[in-house]
Amino acid sequence: MADTSQLTSGVAERYASSLFELALEQGAVDSVTADLDHFQAMLDESADLKRFVASPVFSAEDQLKAIVAISEKAGISGFFANFLKVVARNRRLFALPGMIKAFRIIAASHRGEISAEVTSAHALSQAQETELKVALKSVTGKDVTIAVTVDPSILGGLIVKVGSRQIDTSLRTKLSTLKLALKEVG
């Protein structure tokens, strides 16, 4: 079976790169980033939207109609709305989460920042996010933007990905390690 994650990643990066270049030319990087964040929040909140984006069952025409309606209702317009239409028309909605992630990385790099993906068992307070940014800046030497994902299945702690490095202090991982250690002893 072919590895589709590599294909998805390549598609996502190409689309994100094109969107960033257009937004940069027009001076609309901030507004596109805001629309991207808004759409990501909608994806995070709606299991139905997540399934729709990932599903290959819908035709390009159905995807386009739905994306237009969703964009209008959410107040998303301009570059990002047009971008969503192109993505739907080309049947690439499945790669949209990767496109959003890739755009954030490209935008952060352009600003001279490094981005980190943080997975937490619960939402972080503003103070916790600030403290985490300071800690990551001391390690990387650059300003850090973070994208926080809430995943209650990690039970506690954090999983932080910065570039190719990952720091996993989740309770789930610690319990799994302990379980393996106990099996080896017994």
# chains A, B, ... in the order shown; residues from 1 in each chain; ligands from 1
$ residues_around --residues "Ile167 in chain A" --least-positions-apart "2" --cutoff "12 Å" --atoms "only C-alpha atoms" --output "compact mmCIF listing (two decimals) with N, CA and C atoms, in the first residue's frame"
# COMPACT_ATOMS: atom_id res chain seq x y z
N ALA A 116 5.81 25.92 16.87
CA ALA A 116 5.77 24.69 17.66
C ALA A 116 4.33 24.20 17.72
N GLU A 117 4.18 22.89 17.63
CA GLU A 117 2.87 22.27 17.79
C GLU A 117 2.83 21.70 19.19
N VAL A 118 1.81 22.09 19.93
CA VAL A 118 1.68 21.65 21.32
C VAL A 118 0.38 20.90 21.47
N THR A 119 0.46 19.71 22.02
CA THR A 119 -0.73 18.93 22.34
C THR A 119 -0.84 18.87 23.85
N LEU A 136 10.41 27.86 25.41
CA LEU A 136 10.84 27.41 24.08
C LEU A 136 11.81 28.40 23.45
N GLY A 157 0.06 16.46 31.04
CA GLY A 157 1.36 16.79 30.46
C GLY A 157 1.21 17.42 29.08
N LEU A 158 2.30 17.47 28.34
CA LEU A 158 2.33 18.09 27.02
C LEU A 158 3.14 17.24 26.04
N ILE A 159 2.81 17.41 24.76
CA ILE A 159 3.65 16.90 23.68
C ILE A 159 3.99 18.14 22.85
N VAL A 160 5.28 18.46 22.75
CA VAL A 160 5.72 19.65 22.04
C VAL A 160 6.58 19.22 20.85
N LYS A 161 6.20 19.69 19.65
CA LYS A 161 6.99 19.42 18.45
C LYS A 161 7.52 20.75 17.93
N VAL A 162 8.83 20.84 17.83
CA VAL A 162 9.50 22.01 17.26
C VAL A 162 10.42 21.49 16.17
N GLY A 163 10.08 21.81 14.93
CA GLY A 163 10.87 21.27 13.82
C GLY A 163 10.81 19.76 13.82
N SER A 164 11.98 19.12 13.81
CA SER A 164 12.03 17.66 13.81
C SER A 164 12.14 17.08 15.21
N ARG A 165 12.18 17.96 16.23
CA ARG A 165 12.29 17.48 17.61
C ARG A 165 10.92 17.38 18.27
N THR A 169 6.00 14.69 27.28
CA THR A 169 5.90 14.56 28.74
C THR A 169 4.49 14.14 29.13
N SER A 170 3.77 13.53 28.18
CA SER A 170 2.37 13.17 28.46
C SER A 170 2.30 12.02 29.45
N THR A 173 2.18 8.52 27.78
CA THR A 173 3.48 7.95 27.42
C THR A 173 4.22 7.42 28.65
$ residues_around --residues "range 85-93 of chain A" --least-positions-apart "3" --cutoff "12 Å" --atoms "only C-alpha atoms" --output "mmCIF file with N, CA, C and O atoms, in the first residue's frame"
data_model
loop_
_atom_site.group_PDB
_atom_site.id
_atom_site.type_symbol
_atom_site.label_atom_id
_atom_site.label_comp_id
_atom_site.auth_asym_id
_atom_site.auth_seq_id
_atom_site.Cartn_x
_atom_site.Cartn_y
_atom_site.Cartn_z
ATOM 1 N N LEU A 7 2.244 12.168 0.036
ATOM 2 C CA LEU A 7 1.502 12.837 -1.025
ATOM 3 C C LEU A 7 0.716 14.004 -0.446
ATOM 4 O O LEU A 7 0.753 15.106 -0.973
ATOM 5 N N THR A 8 0.013 13.769 0.654
ATOM 6 C CA THR A 8 -0.768 14.816 1.287
ATOM 7 C C THR A 8 0.121 15.965 1.708
ATOM 8 O O THR A 8 -0.196 17.132 1.503
ATOM 9 N N SER A 9 1.269 15.659 2.281
ATOM 10 C CA SER A 9 2.200 16.681 2.732
ATOM 11 C C SER A 9 2.684 17.534 1.559
ATOM 12 O O SER A 9 2.733 18.750 1.657
ATOM 13 N N GLY A 10 3.031 16.903 0.459
ATOM 14 C CA GLY A 10 3.498 17.632 -0.719
ATOM 15 C C GLY A 10 2.422 18.536 -1.289
ATOM 16 O O GLY A 10 2.685 19.696 -1.634
ATOM 17 N N VAL A 11 1.200 18.019 -1.393
ATOM 18 C CA VAL A 11 0.076 18.812 -1.892
ATOM 19 C C VAL A 11 -0.164 19.987 -0.952
ATOM 20 O O VAL A 11 -0.303 21.128 -1.383
ATOM 21 N N ALA A 12 -0.192 19.716 0.337
ATOM 22 C CA ALA A 12 -0.454 20.756 1.335
ATOM 23 C C ALA A 12 0.597 21.859 1.264
ATOM 24 O O ALA A 12 0.256 23.045 1.298
ATOM 25 N N ARG A 14 2.545 22.706 -1.281
ATOM 26 C CA ARG A 14 2.457 23.474 -2.527
ATOM 27 C C ARG A 14 1.310 24.487 -2.470
ATOM 28 O O ARG A 14 1.477 25.648 -2.853
ATOM 29 N N TYR A 15 0.152 24.048 -2.019
ATOM 30 C CA TYR A 15 -0.996 24.952 -1.922
ATOM 31 C C TYR A 15 -0.723 26.061 -0.902
ATOM 32 O O TYR A 15 -1.024 27.221 -1.151
ATOM 33 N N ALA A 16 -0.178 25.709 0.255
ATOM 34 C CA ALA A 16 0.108 26.698 1.297
ATOM 35 C C ALA A 16 1.123 27.715 0.809
ATOM 36 O O ALA A 16 0.992 28.922 1.064
ATOM 37 N N SER A 18 1.689 28.633 -2.295
ATOM 38 C CA SER A 18 1.030 29.508 -3.272
ATOM 39 C C SER A 18 0.154 30.543 -2.574
ATOM 40 O O SER A 18 0.158 31.722 -2.931
ATOM 41 N N LEU A 19 -0.617 30.102 -1.580
ATOM 42 C CA LEU A 19 -1.466 31.024 -0.828
ATOM 43 C C LEU A 19 -0.623 32.083 -0.136
ATOM 44 O O LEU A 19 -0.946 33.271 -0.167
ATOM 45 N N LEU A 43 -13.011 23.683 12.265
ATOM 46 C CA LEU A 43 -12.684 22.267 12.080
ATOM 47 C C LEU A 43 -12.554 21.548 13.422
ATOM 48 O O LEU A 43 -13.042 20.428 13.587
ATOM 49 N N LEU A 49 -17.864 18.795 10.072
ATOM 50 C CA LEU A 49 -17.020 19.518 9.112
ATOM 51 C C LEU A 49 -15.724 18.748 8.873
ATOM 52 O O LEU A 49 -15.255 18.637 7.737
ATOM 53 N N LYS A 50 -15.169 18.187 9.939
ATOM 54 C CA LYS A 50 -13.948 17.389 9.814
ATOM 55 C C LYS A 50 -14.169 16.198 8.883
ATOM 56 O O LYS A 50 -13.345 15.902 8.020
ATOM 57 N N ARG A 51 -15.300 15.506 9.069
ATOM 58 C CA ARG A 51 -15.631 14.353 8.205
ATOM 59 C C ARG A 51 -15.844 14.800 6.772
ATOM 60 O O ARG A 51 -15.405 14.132 5.830
ATOM 61 N N PHE A 52 -16.539 15.927 6.577
ATOM 62 C CA PHE A 52 -16.796 16.439 5.232
ATOM 63 C C PHE A 52 -15.490 16.737 4.506
ATOM 64 O O PHE A 52 -15.312 16.363 3.350
ATOM 65 N N VAL A 53 -14.569 17.393 5.193
ATOM 66 C CA VAL A 53 -13.286 17.763 4.591
ATOM 67 C C VAL A 53 -12.486 16.516 4.223
ATOM 68 O O VAL A 53 -11.849 16.467 3.173
ATOM 69 N N ALA A 54 -12.542 15.502 5.048
ATOM 70 C CA ALA A 54 -11.742 14.291 4.830
ATOM 71 C C ALA A 54 -12.384 13.294 3.872
ATOM 72 O O ALA A 54 -11.712 12.417 3.341
ATOM 73 N N SER A 55 -13.682 13.421 3.633
ATOM 74 C CA SER A 55 -14.416 12.406 2.866
ATOM 75 C C SER A 55 -14.241 12.538 1.352
ATOM 76 O O SER A 55 -14.450 13.603 0.783
ATOM 77 N N PRO A 56 -13.909 11.436 0.689
ATOM 78 C CA PRO A 56 -13.802 11.444 -0.777
ATOM 79 C C PRO A 56 -15.149 11.180 -1.457
ATOM 80 O O PRO A 56 -15.239 11.164 -2.667
ATOM 81 N N VAL A 57 -16.202 10.993 -0.674
ATOM 82 C CA VAL A 57 -17.510 10.601 -1.206
ATOM 83 C C VAL A 57 -18.186 11.722 -1.979
ATOM 84 O O VAL A 57 -18.850 11.480 -2.981
ATOM 85 N N PHE A 58 -17.991 12.959 -1.556
ATOM 86 C CA PHE A 58 -18.679 14.086 -2.163
ATOM 87 C C PHE A 58 -18.014 14.496 -3.474
ATOM 88 O O PHE A 58 -16.801 14.454 -3.600
ATOM 89 N N SER A 59 -18.841 14.903 -4.438
ATOM 90 C CA SER A 59 -18.306 15.353 -5.725
ATOM 91 C C SER A 59 -17.659 16.725 -5.546
ATOM 92 O O SER A 59 -17.904 17.429 -4.559
ATOM 93 N N ALA A 60 -16.866 17.127 -6.525
ATOM 94 C CA ALA A 60 -16.217 18.439 -6.487
ATOM 95 C C ALA A 60 -17.270 19.536 -6.448
ATOM 96 O O ALA A 60 -17.119 20.538 -5.736
ATOM 97 N N GLU A 61 -18.352 19.344 -7.173
ATOM 98 C CA GLU A 61 -19.431 20.331 -7.201
ATOM 99 C C GLU A 61 -20.095 20.461 -5.826
ATOM 100 O O GLU A 61 -20.348 21.572 -5.344
ATOM 101 N N ASP A 62 -20.364 19.335 -5.177
ATOM 102 C CA ASP A 62 -20.968 19.354 -3.841
ATOM 103 C C ASP A 62 -20.013 19.998 -2.828
ATOM 104 O O ASP A 62 -20.442 20.776 -1.974
ATOM 105 N N GLN A 63 -18.728 19.666 -2.927
ATOM 106 C CA GLN A 63 -17.747 20.250 -2.020
ATOM 107 C C GLN A 63 -17.668 21.757 -2.211
ATOM 108 O O GLN A 63 -17.601 22.508 -1.239
ATOM 109 N N LEU A 64 -17.691 22.200 -3.469
ATOM 110 C CA LEU A 64 -17.613 23.621 -3.762
ATOM 111 C C LEU A 64 -18.816 24.360 -3.189
ATOM 112 O O LEU A 64 -18.672 25.393 -2.534
ATOM 113 N N LYS A 65 -20.031 23.822 -3.417
ATOM 114 C CA LYS A 65 -21.247 24.460 -2.896
ATOM 115 C C LYS A 65 -21.200 24.549 -1.370
ATOM 116 O O LYS A 65 -21.543 25.578 -0.790
ATOM 117 N N ALA A 66 -20.794 23.464 -0.738
ATOM 118 C CA ALA A 66 -20.744 23.443 0.726
ATOM 119 C C ALA A 66 -19.707 24.421 1.264
ATOM 120 O O ALA A 66 -19.976 25.155 2.225
ATOM 121 N N ILE A 67 -18.529 24.465 0.649
ATOM 122 C CA ILE A 67 -17.466 25.370 1.099
ATOM 123 C C ILE A 67 -17.884 26.830 0.921
ATOM 124 O O ILE A 67 -17.613 27.669 1.789
ATOM 125 N N VAL A 68 -18.558 27.151 -0.177
ATOM 126 C CA VAL A 68 -19.047 28.516 -0.387
ATOM 127 C C VAL A 68 -20.039 28.886 0.718
ATOM 128 O O VAL A 68 -19.948 29.960 1.320
ATOM 129 N N ALA A 69 -20.978 27.989 1.009
ATOM 130 C CA ALA A 69 -21.974 28.251 2.051
ATOM 131 C C ALA A 69 -21.323 28.392 3.427
ATOM 132 O O ALA A 69 -21.658 29.307 4.194
ATOM 133 N N ILE A 70 -20.378 27.510 3.738
ATOM 134 C CA ILE A 70 -19.687 27.556 5.034
ATOM 135 C C ILE A 70 -18.882 28.854 5.159
ATOM 136 O O ILE A 70 -18.916 29.508 6.202
ATOM 137 N N SER A 71 -18.185 29.228 4.106
ATOM 138 C CA SER A 71 -17.377 30.455 4.118
ATOM 139 C C SER A 71 -18.249 31.688 4.340
ATOM 140 O O SER A 71 -17.915 32.560 5.150
ATOM 141 N N GLU A 72 -19.367 31.752 3.607
ATOM 142 C CA GLU A 72 -20.251 32.907 3.743
ATOM 143 C C GLU A 72 -20.823 32.990 5.151
ATOM 144 O O GLU A 72 -20.849 34.059 5.756
ATOM 145 N N ILE A 76 -15.971 34.378 6.178
ATOM 146 C CA ILE A 76 -14.652 34.254 5.557
ATOM 147 C C ILE A 76 -14.763 34.745 4.117
ATOM 148 O O ILE A 76 -15.598 34.260 3.353
ATOM 149 N N SER A 77 -13.914 35.720 3.775
ATOM 150 C CA SER A 77 -13.965 36.279 2.427
ATOM 151 C C SER A 77 -12.556 36.525 1.918
ATOM 152 O O SER A 77 -11.583 36.186 2.589
ATOM 153 N N GLY A 78 -12.462 37.121 0.746
ATOM 154 C CA GLY A 78 -11.161 37.485 0.199
ATOM 155 C C GLY A 78 -10.337 36.297 -0.245
ATOM 156 O O GLY A 78 -10.867 35.310 -0.754
ATOM 157 N N PHE A 79 -9.024 36.420 -0.041
ATOM 158 C CA PHE A 79 -8.088 35.394 -0.515
ATOM 159 C C PHE A 79 -8.415 34.001 0.010
ATOM 160 O O PHE A 79 -8.404 33.036 -0.740
ATOM 161 N N PHE A 80 -8.667 33.910 1.307
ATOM 162 C CA PHE A 80 -8.855 32.578 1.874
ATOM 163 C C PHE A 80 -10.140 31.939 1.366
ATOM 164 O O PHE A 80 -10.172 30.737 1.112
ATOM 165 N N ALA A 81 -11.203 32.726 1.181
ATOM 166 C CA ALA A 81 -12.448 32.176 0.627
ATOM 167 C C ALA A 81 -12.208 31.667 -0.798
ATOM 168 O O ALA A 81 -12.665 30.573 -1.162
ATOM 169 N N ASN A 82 -11.485 32.461 -1.590
ATOM 170 C CA ASN A 82 -11.174 32.026 -2.960
ATOM 171 C C ASN A 82 -10.277 30.792 -2.947
ATOM 172 O O ASN A 82 -10.426 29.890 -3.767
ATOM 173 N N LEU A 96 -6.591 19.961 3.470
ATOM 174 C CA LEU A 96 -6.748 21.289 4.059
ATOM 175 C C LEU A 96 -6.100 21.440 5.438
ATOM 176 O O LEU A 96 -5.412 22.440 5.675
ATOM 177 N N PRO A 97 -6.251 20.482 6.354
ATOM 178 C CA PRO A 97 -5.554 20.638 7.644
ATOM 179 C C PRO A 97 -4.034 20.763 7.481
ATOM 180 O O PRO A 97 -3.390 21.573 8.158
ATOM 181 N N GLY A 98 -3.464 20.006 6.562
ATOM 182 C CA GLY A 98 -2.037 20.102 6.283
ATOM 183 C C GLY A 98 -1.666 21.434 5.654
ATOM 184 O O GLY A 98 -0.586 21.976 5.916
ATOM 185 N N MET A 99 -2.559 21.963 4.818
ATOM 186 C CA MET A 99 -2.314 23.269 4.200
ATOM 187 C C MET A 99 -2.272 24.371 5.250
ATOM 188 O O MET A 99 -1.417 25.259 5.198
ATOM 189 N N ILE A 100 -3.194 24.296 6.202
ATOM 190 C CA ILE A 100 -3.243 25.291 7.273
ATOM 191 C C ILE A 100 -1.959 25.233 8.097
ATOM 192 O O ILE A 100 -1.334 26.257 8.388
#
$ select_by_dssp --residues "range 3-155 of chain A" --states "strand (DSSP E or B)" --output "PyMOL selection string"
chain A and resi 114-120+144-150
$ residues_around --residues "Ser17 in chain A" --least-positions-apart "5" --cutoff "10 Å" --atoms "only C-alpha atoms" --output "PyMOL selection string"
chain A and resi 11-12+22-23+99+102-103+105-107
$ write_last_selection --atoms "N, CA, C and O atoms" --output "tab-separated table (two decimals), in the first residue's frame"
chain	number	residue	atom	x	y	z
A	11	VAL	N	1.20	18.02	-1.39
A	11	VAL	CA	0.08	18.81	-1.89
A	11	VAL	C	-0.16	19.99	-0.95
A	11	VAL	O	-0.30	21.13	-1.38
A	12	ALA	N	-0.19	19.72	0.34
A	12	ALA	CA	-0.45	20.76	1.33
A	12	ALA	C	0.60	21.86	1.26
A	12	ALA	O	0.26	23.05	1.30
A	22	LEU	N	0.76	34.69	-2.68
A	22	LEU	CA	-0.29	35.62	-3.11
A	22	LEU	C	-0.63	36.61	-2.01
A	22	LEU	O	-0.77	37.81	-2.25
A	23	ALA	N	-0.79	36.11	-0.79
A	23	ALA	CA	-1.12	36.97	0.35
A	23	ALA	C	-0.01	37.99	0.60
A	23	ALA	O	-0.28	39.16	0.90
A	99	MET	N	-2.56	21.96	4.82
A	99	MET	CA	-2.31	23.27	4.20
A	99	MET	C	-2.27	24.37	5.25
A	99	MET	O	-1.42	25.26	5.20
A	102	ALA	N	0.98	24.01	7.14
A	102	ALA	CA	2.11	24.44	6.32
A	102	ALA	C	2.13	25.96	6.16
A	102	ALA	O	3.20	26.58	6.20
A	103	PHE	N	0.96	26.57	6.01
A	103	PHE	CA	0.90	28.04	5.89
A	103	PHE	C	1.44	28.69	7.15
A	103	PHE	O	2.21	29.66	7.07
A	105	ILE	N	3.60	27.53	9.24
A	105	ILE	CA	5.06	27.34	9.29
A	105	ILE	C	5.75	28.33	8.36
A	105	ILE	O	6.74	28.97	8.73
A	106	ILE	N	5.22	28.49	7.15
A	106	ILE	CA	5.80	29.41	6.18
A	106	ILE	C	5.72	30.84	6.70
A	106	ILE	O	6.69	31.60	6.62
A	107	ALA	N	4.57	31.23	7.23
A	107	ALA	CA	4.38	32.59	7.74
A	107	ALA	C	5.31	32.86	8.93
A	107	ALA	O	5.91	33.94	9.02
$ residues_around --residues "range 151-156 of chain A" --least-positions-apart "3" --cutoff "7 Å" --atoms "only C-alpha atoms" --output "PDB file with C-alpha atoms, in the first residue's frame"
ATOM      1  CA  THR A 119      -0.730  18.929  22.337  1.00  0.00           C
ATOM      2  CA  SER A 120      -2.251  19.300  25.777  1.00  0.00           C
ATOM      3  CA  ALA A 121      -4.819  17.317  27.749  1.00  0.00           C
ATOM      4  CA  HIS A 122      -6.766  20.538  28.380  1.00  0.00           C
ATOM      5  CA  SER A 170       2.374  13.166  28.456  1.00  0.00           C
ATOM      6  CA  LEU A 171       1.019  10.992  31.208  1.00  0.00           C
ATOM      7  CA  ARG A 172      -0.122   8.451  28.603  1.00  0.00           C
TER       8      ARG A 172
END
$ atom_distance --atom1 "CA of Ser31 in chain A" --atom2 "CA of Asp143 in chain A"
20.9 Å
$ select_by_dssp --residues "range 5-157 of chain A" --states "alpha helix (DSSP H)" --output "PDB file with C-alpha atoms, in the first residue's frame"
ATOM      1  CA  SER A   5       0.958  10.969   4.035  1.00  0.00           C
ATOM      2  CA  GLN A   6       3.896  11.996   1.829  1.00  0.00           C
ATOM      3  CA  LEU A   7       1.502  12.837  -1.025  1.00  0.00           C
ATOM      4  CA  THR A   8      -0.768  14.816   1.287  1.00  0.00           C
ATOM      5  CA  SER A   9       2.200  16.681   2.732  1.00  0.00           C
ATOM      6  CA  GLY A  10       3.498  17.632  -0.719  1.00  0.00           C
ATOM      7  CA  VAL A  11       0.076  18.812  -1.892  1.00  0.00           C
ATOM      8  CA  ALA A  12      -0.454  20.756   1.335  1.00  0.00           C
ATOM      9  CA  GLU A  13       2.923  22.469   1.120  1.00  0.00           C
ATOM     10  CA  ARG A  14       2.457  23.474  -2.527  1.00  0.00           C
ATOM     11  CA  TYR A  15      -0.996  24.952  -1.922  1.00  0.00           C
ATOM     12  CA  ALA A  16       0.108  26.698   1.297  1.00  0.00           C
ATOM     13  CA  SER A  17       3.159  28.129  -0.428  1.00  0.00           C
ATOM     14  CA  SER A  18       1.030  29.508  -3.272  1.00  0.00           C
ATOM     15  CA  LEU A  19      -1.466  31.024  -0.828  1.00  0.00           C
ATOM     16  CA  PHE A  20       1.332  32.633   1.181  1.00  0.00           C
ATOM     17  CA  GLU A  21       3.002  34.108  -1.914  1.00  0.00           C
ATOM     18  CA  LEU A  22      -0.286  35.617  -3.115  1.00  0.00           C
ATOM     19  CA  ALA A  23      -1.121  36.973   0.345  1.00  0.00           C
ATOM     20  CA  LEU A  24       2.374  38.447   0.677  1.00  0.00           C
ATOM     21  CA  GLU A  25       2.113  40.157  -2.733  1.00  0.00           C
ATOM     22  CA  GLN A  26      -1.191  41.740  -1.740  1.00  0.00           C
ATOM     23  CA  VAL A  29      -0.870  37.789   5.239  1.00  0.00           C
ATOM     24  CA  ASP A  30      -2.454  38.907   8.527  1.00  0.00           C
ATOM     25  CA  SER A  31      -6.039  38.701   7.245  1.00  0.00           C
ATOM     26  CA  VAL A  32      -5.407  35.300   5.637  1.00  0.00           C
ATOM     27  CA  THR A  33      -3.837  34.076   8.885  1.00  0.00           C
ATOM     28  CA  ALA A  34      -6.897  35.255  10.832  1.00  0.00           C
ATOM     29  CA  ASP A  35      -9.244  33.472   8.383  1.00  0.00           C
ATOM     30  CA  LEU A  36      -7.078  30.360   8.573  1.00  0.00           C
ATOM     31  CA  ASP A  37      -7.239  30.383  12.369  1.00  0.00           C
ATOM     32  CA  HIS A  38     -11.006  30.877  12.243  1.00  0.00           C
ATOM     33  CA  PHE A  39     -11.446  27.961   9.832  1.00  0.00           C
ATOM     34  CA  GLN A  40      -9.145  25.749  11.937  1.00  0.00           C
ATOM     35  CA  ALA A  41     -11.258  26.552  15.008  1.00  0.00           C
ATOM     36  CA  MET A  42     -14.368  25.546  13.047  1.00  0.00           C
ATOM     37  CA  LEU A  43     -12.684  22.267  12.080  1.00  0.00           C
ATOM     38  CA  ASP A  44     -11.696  21.613  15.695  1.00  0.00           C
ATOM     39  CA  GLU A  45     -15.224  22.270  16.949  1.00  0.00           C
ATOM     40  CA  ALA A  47     -16.836  16.632  13.802  1.00  0.00           C
ATOM     41  CA  ASP A  48     -19.209  16.914  10.821  1.00  0.00           C
ATOM     42  CA  LEU A  49     -17.020  19.518   9.112  1.00  0.00           C
ATOM     43  CA  LYS A  50     -13.948  17.389   9.814  1.00  0.00           C
ATOM     44  CA  ARG A  51     -15.631  14.353   8.205  1.00  0.00           C
ATOM     45  CA  PHE A  52     -16.796  16.439   5.232  1.00  0.00           C
ATOM     46  CA  VAL A  53     -13.286  17.763   4.591  1.00  0.00           C
ATOM     47  CA  ALA A  54     -11.742  14.291   4.830  1.00  0.00           C
ATOM     48  CA  ALA A  60     -16.217  18.439  -6.487  1.00  0.00           C
ATOM     49  CA  GLU A  61     -19.431  20.331  -7.201  1.00  0.00           C
ATOM     50  CA  ASP A  62     -20.968  19.354  -3.841  1.00  0.00           C
ATOM     51  CA  GLN A  63     -17.747  20.250  -2.020  1.00  0.00           C
ATOM     52  CA  LEU A  64     -17.613  23.621  -3.762  1.00  0.00           C
ATOM     53  CA  LYS A  65     -21.247  24.460  -2.896  1.00  0.00           C
ATOM     54  CA  ALA A  66     -20.744  23.443   0.726  1.00  0.00           C
ATOM     55  CA  ILE A  67     -17.466  25.370   1.099  1.00  0.00           C
ATOM     56  CA  VAL A  68     -19.047  28.516  -0.387  1.00  0.00           C
ATOM     57  CA  ALA A  69     -21.974  28.251   2.051  1.00  0.00           C
ATOM     58  CA  ILE A  70     -19.687  27.556   5.034  1.00  0.00           C
ATOM     59  CA  SER A  71     -17.377  30.455   4.118  1.00  0.00           C
ATOM     60  CA  GLU A  72     -20.251  32.907   3.743  1.00  0.00           C
ATOM     61  CA  LYS A  73     -21.865  31.849   7.019  1.00  0.00           C
ATOM     62  CA  ALA A  74     -18.526  32.085   8.868  1.00  0.00           C
ATOM     63  CA  GLY A  78     -11.161  37.485   0.199  1.00  0.00           C
ATOM     64  CA  PHE A  79      -8.088  35.394  -0.515  1.00  0.00           C
ATOM     65  CA  PHE A  80      -8.855  32.578   1.874  1.00  0.00           C
ATOM     66  CA  ALA A  81     -12.448  32.176   0.627  1.00  0.00           C
ATOM     67  CA  ASN A  82     -11.174  32.026  -2.960  1.00  0.00           C
ATOM     68  CA  PHE A  83      -8.449  29.621  -1.860  1.00  0.00           C
ATOM     69  CA  LEU A  84     -11.064  27.330  -0.287  1.00  0.00           C
ATOM     70  CA  LYS A  85     -13.030  27.370  -3.551  1.00  0.00           C
ATOM     71  CA  VAL A  86      -9.944  26.370  -5.560  1.00  0.00           C
ATOM     72  CA  VAL A  87      -9.131  23.611  -3.076  1.00  0.00           C
ATOM     73  CA  ALA A  88     -12.704  22.269  -3.247  1.00  0.00           C
ATOM     74  CA  ARG A  89     -12.850  22.535  -7.048  1.00  0.00           C
ATOM     75  CA  LEU A  96      -6.748  21.289   4.059  1.00  0.00           C
ATOM     76  CA  PRO A  97      -5.554  20.638   7.644  1.00  0.00           C
ATOM     77  CA  GLY A  98      -2.037  20.102   6.283  1.00  0.00           C
ATOM     78  CA  MET A  99      -2.314  23.269   4.200  1.00  0.00           C
ATOM     79  CA  ILE A 100      -3.243  25.291   7.273  1.00  0.00           C
ATOM     80  CA  LYS A 101      -0.323  23.833   9.204  1.00  0.00           C
ATOM     81  CA  ALA A 102       2.108  24.436   6.315  1.00  0.00           C
ATOM     82  CA  PHE A 103       0.898  28.039   5.886  1.00  0.00           C
ATOM     83  CA  ARG A 104       1.528  28.737   9.579  1.00  0.00           C
ATOM     84  CA  ILE A 105       5.059  27.342   9.290  1.00  0.00           C
ATOM     85  CA  ILE A 106       5.803  29.415   6.177  1.00  0.00           C
ATOM     86  CA  ALA A 107       4.379  32.593   7.744  1.00  0.00           C
ATOM     87  CA  ALA A 108       6.318  32.059  10.995  1.00  0.00           C
ATOM     88  CA  SER A 109       9.526  31.464   9.061  1.00  0.00           C
ATOM     89  CA  HIS A 110       8.946  34.657   7.073  1.00  0.00           C
ATOM     90  CA  GLN A 126      -2.866  32.650  28.437  1.00  0.00           C
ATOM     91  CA  ALA A 127      -0.290  32.628  31.257  1.00  0.00           C
ATOM     92  CA  GLN A 128       0.630  29.000  30.527  1.00  0.00           C
ATOM     93  CA  GLU A 129       1.008  29.741  26.800  1.00  0.00           C
ATOM     94  CA  THR A 130       3.245  32.732  27.569  1.00  0.00           C
ATOM     95  CA  GLU A 131       5.373  30.658  29.959  1.00  0.00           C
ATOM     96  CA  LEU A 132       5.707  27.907  27.342  1.00  0.00           C
ATOM     97  CA  LYS A 133       6.734  30.436  24.666  1.00  0.00           C
ATOM     98  CA  VAL A 134       9.409  31.855  26.982  1.00  0.00           C
ATOM     99  CA  ALA A 135      10.741  28.357  27.770  1.00  0.00           C
ATOM    100  CA  LEU A 136      10.838  27.408  24.084  1.00  0.00           C
ATOM    101  CA  LYS A 137      12.532  30.703  23.159  1.00  0.00           C
ATOM    102  CA  SER A 138      15.276  29.989  25.700  1.00  0.00           C
ATOM    103  CA  VAL A 139      15.863  26.586  24.076  1.00  0.00           C
ATOM    104  CA  THR A 140      15.621  27.611  20.404  1.00  0.00           C
TER     105      THR A 140
END
$ atom_distance --atom1 "CA of Ile114 in chain A" --atom2 "CA of Thr149 in chain A"
17.2 Å
$ atom_distance --atom1 "CA of Ser125 in chain A" --atom2 "CA of Val150 in chain A"
12.2 Å
